[in-house]
Each structure stands twice: as C-alpha cells, then as structure tokens.
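A.B. asks: File upload-v1.txt follows (compact mmCIF, C-alpha atoms):
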# COMPACT_ATOMS: atom_id res chain seq x y z
CA MET A 1 13.13 1.49 -19.09
CA SER A 2 12.71 0.84 -15.39
CA THR A 3 10.83 -2.14 -14.02
CA SER A 4 7.23 -1.36 -13.11
CA LEU A 5 6.56 -1.13 -9.40
CA LYS A 6 4.33 -4.24 -9.34
CA ASN A 7 7.20 -6.34 -10.74
CA GLN A 8 9.72 -5.20 -8.15
CA THR A 9 10.50 -7.04 -4.93
CA CYS A 10 10.51 -5.54 -1.44
CA GLN A 11 13.91 -5.21 0.17
CA ALA A 12 14.56 -5.75 3.87
CA CYS A 13 13.73 -2.55 5.69
CA SER A 14 14.88 -1.60 9.17
CA VAL A 15 15.26 1.35 11.49
CA GLY A 16 17.27 3.97 9.64
CA ALA A 17 16.41 2.66 6.16
CA PRO A 18 16.32 5.47 3.60
CA LEU A 19 12.85 6.92 3.21
CA ILE A 20 11.41 8.34 0.02
CA GLN A 21 11.71 12.11 0.20
CA PRO A 22 8.45 14.09 -0.19
CA GLU A 23 9.68 15.72 -3.40
CA ALA A 24 9.84 12.25 -4.99
CA TYR A 25 6.31 11.21 -3.96
CA GLN A 26 4.57 12.50 -7.07
CA SER A 27 6.72 10.59 -9.55
CA LEU A 28 5.90 7.37 -7.68
CA LEU A 29 2.22 8.27 -7.27
CA ASP A 30 2.07 8.80 -11.05
CA GLN A 31 2.81 5.07 -11.42
CA LEU A 32 -0.20 4.16 -9.23
CA SER A 33 -3.94 4.67 -9.54
CA ASP A 34 -5.83 6.77 -6.97
CA TRP A 35 -3.38 6.36 -4.08
CA HIS A 36 -2.93 9.30 -1.72
CA ILE A 37 -0.41 10.36 0.88
CA ILE A 38 -1.82 10.99 4.35
CA THR A 39 0.01 11.92 7.52
CA VAL A 40 -0.92 10.18 10.76
CA ASP A 41 1.04 10.80 13.95
CA HIS A 42 3.65 12.74 11.92
CA ILE A 43 4.27 9.73 9.65
CA ASP A 44 3.50 9.81 5.92
CA ARG A 45 1.46 6.86 4.70
CA LEU A 46 0.14 5.68 1.35
CA THR A 47 -3.58 4.93 1.32
CA LYS A 48 -6.40 3.90 -1.02
CA VAL A 49 -10.04 2.85 -0.65
CA TYR A 50 -11.25 -0.05 -2.81
CA SER A 51 -14.99 -0.51 -3.40
CA PHE A 52 -16.87 -3.82 -3.55
CA LYS A 53 -20.46 -5.01 -3.98
CA ASN A 54 -20.68 -6.49 -0.48
CA PHE A 55 -18.80 -7.36 2.69
CA LYS A 56 -17.79 -10.86 1.52
CA LYS A 57 -16.00 -9.52 -1.56
CA ALA A 58 -14.29 -6.86 0.56
CA LEU A 59 -13.16 -9.47 3.07
CA ASP A 60 -11.89 -11.78 0.31
CA PHE A 61 -9.81 -8.91 -1.11
CA ALA A 62 -8.42 -8.03 2.33
CA ASN A 63 -7.36 -11.66 2.76
CA GLN A 64 -5.61 -11.59 -0.64
CA VAL A 65 -3.75 -8.43 0.41
CA GLY A 66 -2.82 -10.21 3.63
CA GLU A 67 -1.34 -13.09 1.65
CA ILE A 68 0.91 -10.89 -0.49
CA ALA A 69 1.89 -8.91 2.60
CA GLU A 70 2.89 -12.05 4.45
CA THR A 71 4.88 -13.29 1.45
CA ALA A 72 6.72 -9.96 1.21
CA GLY A 73 7.18 -9.62 4.96
CA HIS A 74 5.67 -6.14 4.72
CA HIS A 75 2.26 -5.53 6.27
CA PRO A 76 -0.34 -2.78 5.75
CA ALA A 77 -3.17 -1.48 7.87
CA LEU A 78 -6.41 -2.92 6.52
CA LEU A 79 -9.86 -1.56 7.36
CA VAL A 80 -12.63 -3.84 6.09
CA GLU A 81 -16.14 -2.41 5.97
CA TRP A 82 -19.30 -3.24 4.10
CA GLY A 83 -18.46 -2.65 0.46
CA GLN A 84 -14.97 -1.28 0.92
CA VAL A 85 -11.43 -1.93 2.07
CA THR A 86 -9.02 0.83 3.02
CA VAL A 87 -5.40 -0.22 2.53
CA THR A 88 -2.62 1.85 4.08
CA TRP A 89 1.05 1.14 3.52
CA TRP A 90 4.03 2.62 5.36
CA SER A 91 7.28 1.23 6.66
CA HIS A 92 6.85 0.85 10.39
CA GLU A 93 10.52 0.19 11.11
CA ALA A 94 11.78 3.08 8.98
CA GLY A 95 9.06 5.44 10.22
CA GLY A 96 7.66 6.63 6.91
CA LEU A 97 7.40 5.87 3.22
CA HIS A 98 9.97 3.58 1.66
CA GLN A 99 10.16 2.24 -1.90
CA ASN A 100 8.60 -0.98 -0.53
CA ASP A 101 5.34 0.84 0.20
CA PHE A 102 4.94 1.96 -3.40
CA ILE A 103 5.84 -1.53 -4.63
CA MET A 104 3.20 -3.08 -2.38
CA ALA A 105 0.62 -0.48 -3.43
CA ALA A 106 1.18 -1.51 -7.05
CA LYS A 107 0.89 -5.18 -6.11
CA THR A 108 -2.34 -4.40 -4.24
CA ASP A 109 -3.76 -2.73 -7.36
CA ALA A 110 -2.80 -5.80 -9.39
CA LEU A 111 -4.94 -7.95 -7.08
CA PHE A 112 -7.95 -5.73 -7.62
The structure given in the file should be rewritten as structure tokens.

C.D. replies:
Amino acid sequence: MSTSLKNQTCQACSVGAPLIQPEAYQSLLDQLSDWHIITVDHIDRLTKVYSFKNFKKALDFANQVGEIAETAGHHPALLVEWGQVTVTWWSHEAGGLHQNDFIMAAKTDALF
C-alpha cells in the first residue's frame, strides 16, 4: 500500500522537474477532498476554497498554511477573505503541477 499523500515529503523541485501528466490528475485528486484543477496563464494549478465563521479564523488558517509551506520550502498562493481562504498550489519553478503540489494539498486538508 502506498503512503498517503499527507505523510509524504516534498522533494526539491527545479526548472525541468517532471510534472504530473494530466491523465494522472484524477487518481491524485481522488486522494484529496474537493480540490480542483484550474489553468491560469497556461499553467495548471490545484485549488480549493476553505470556509470559516469569520475573518480571524480564516487568517489563522492561512498563517498555519504559511507555516507548513515555509517548512516544506514550497509556497502556495493564498487569498484570505471574510469567511474563506482560497489555497492554490503549483510548482513555480517546474511550471505546472508536480507531486509536491498534491502532497501539500493533502497537508493543507490535514490542517483544516
């Protein structure tokens, strides 16, 4: 049995790192809850909106995501609004979706 995504560790990712191919997206999405693939500027990204009772709880969650991102050396786009946080992962250096993005999405869910 393979290790769940949330228990995996991000690997160093650089320009030219192998991206996840679109035909493999669904099997990885099946291991996550309510994440979606979007394309922005021709780059696939993994995104999810989390809901909260107020701005303070949303901000606290965004800060927790920031902490795990800093620890992993892999950073998402975070949009904090009243009652929600949109988290978007993609591998900037590699220019698309890497295994690291799915790992970090699972770790983000674990925080929630």

A.B. asks: So which one's closest to His42 in chain A, A:Leu97, A:Ala17, A:Leu28, A:Ile103? Using only C-alpha atoms, please.

C.D. replies: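 That would be A:Leu97, the residue with the smallest distance to His42 in chain A.
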
A.B. asks: Would you please work out which residue, of A:Glu70, A:Glu81, A:Asp41, A:Asp30, is nearest to Asn54 in chain A when using all atoms listed in the file?

C.D. replies: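 Residue with the minimum atom-to-atom distance to Asn54 in chain A: A:Glu81.
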
A.B. asks: Smallest atom-to-atom distance to Leu59 in chain A: which of A:Leu79, A:Leu32, A:Leu5, A:Ala106, using only C-alpha atoms?

C.D. replies: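 For Leu59 in chain A, the nearest of the given residues is A:Leu79.
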
A.B. asks: Let me make sure I understand: among A:Ala72, A:Ala77, A:Ala62, A:Val87, which one has the smallest atom-to-atom distance to Asn100 in chain A if we use all atoms listed in the file?

C.D. replies: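 Ranked by minimum distance to Asn100 in chain A, first place goes to A:Ala72.
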
A.B. asks: What is the distance, in Å and to one decimal place, between CA of Val85 in chain A and CA of Ala58 in chain A?

C.D. replies: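 Interatomic distance, CA of Val85 in chain A to CA of Ala58 in chain A: 5.9 Å.
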
A.B. asks: Just want the 8 Å neighbourhood of Ile37 in chain A, counted on only C-alpha atoms, with same-chain residues fewer than 3 positions away dropped. Output as a ChimeraX atom specification.

C.D. replies: /A:44-47

A.B. asks: Write out as JSON, numbers by chain the residues lying within 8 Å of range 108-110 of chain A, counting all atoms listed in the file and excluding same-chain residues fewer than 4 positions away.

C.D. replies: {"A": [6, 32, 33, 65, 104]}

A.B. asks: So, counting all atoms listed in the file, which residue among A:Phe112, A:Phe102, A:Ile43, A:Thr71 is closest to Lys57 in chain A?

C.D. replies: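 With all atoms listed in the file as the atom set, the closest residue is A:Phe112.
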
A.B. asks: Within 10 Å of Ile68 in chain A, counting only C-alpha atoms, which residues show up once you throw out same-chain ones fewer than 5 positions away? Write them as a ChimeraX atom specification, please.

C.D. replies: /A:63,73-75,104,107-108,111

A.B. asks: Which residue gives the smallest distance to Leu29 in chain A among A:Gln11, A:Ala105, A:Glu67, A:Leu78, with all atoms listed in the file counted?

C.D. replies: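 Using all atoms listed in the file, Leu29 in chain A sits closest to A:Ala105.
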
A.B. asks: Hey, can you check how far CA of Gln8 in chain A sits from CA of His92 in chain A?

C.D. replies: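 Computing the Euclidean distance for CA of Gln8 in chain A and CA of His92 in chain A yields 19.7 Å.
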
A.B. asks: So what do you get for CA of Gln64 in chain A versus CA of Glu93 in chain A, distance-wise?

C.D. replies: 23.2 Å
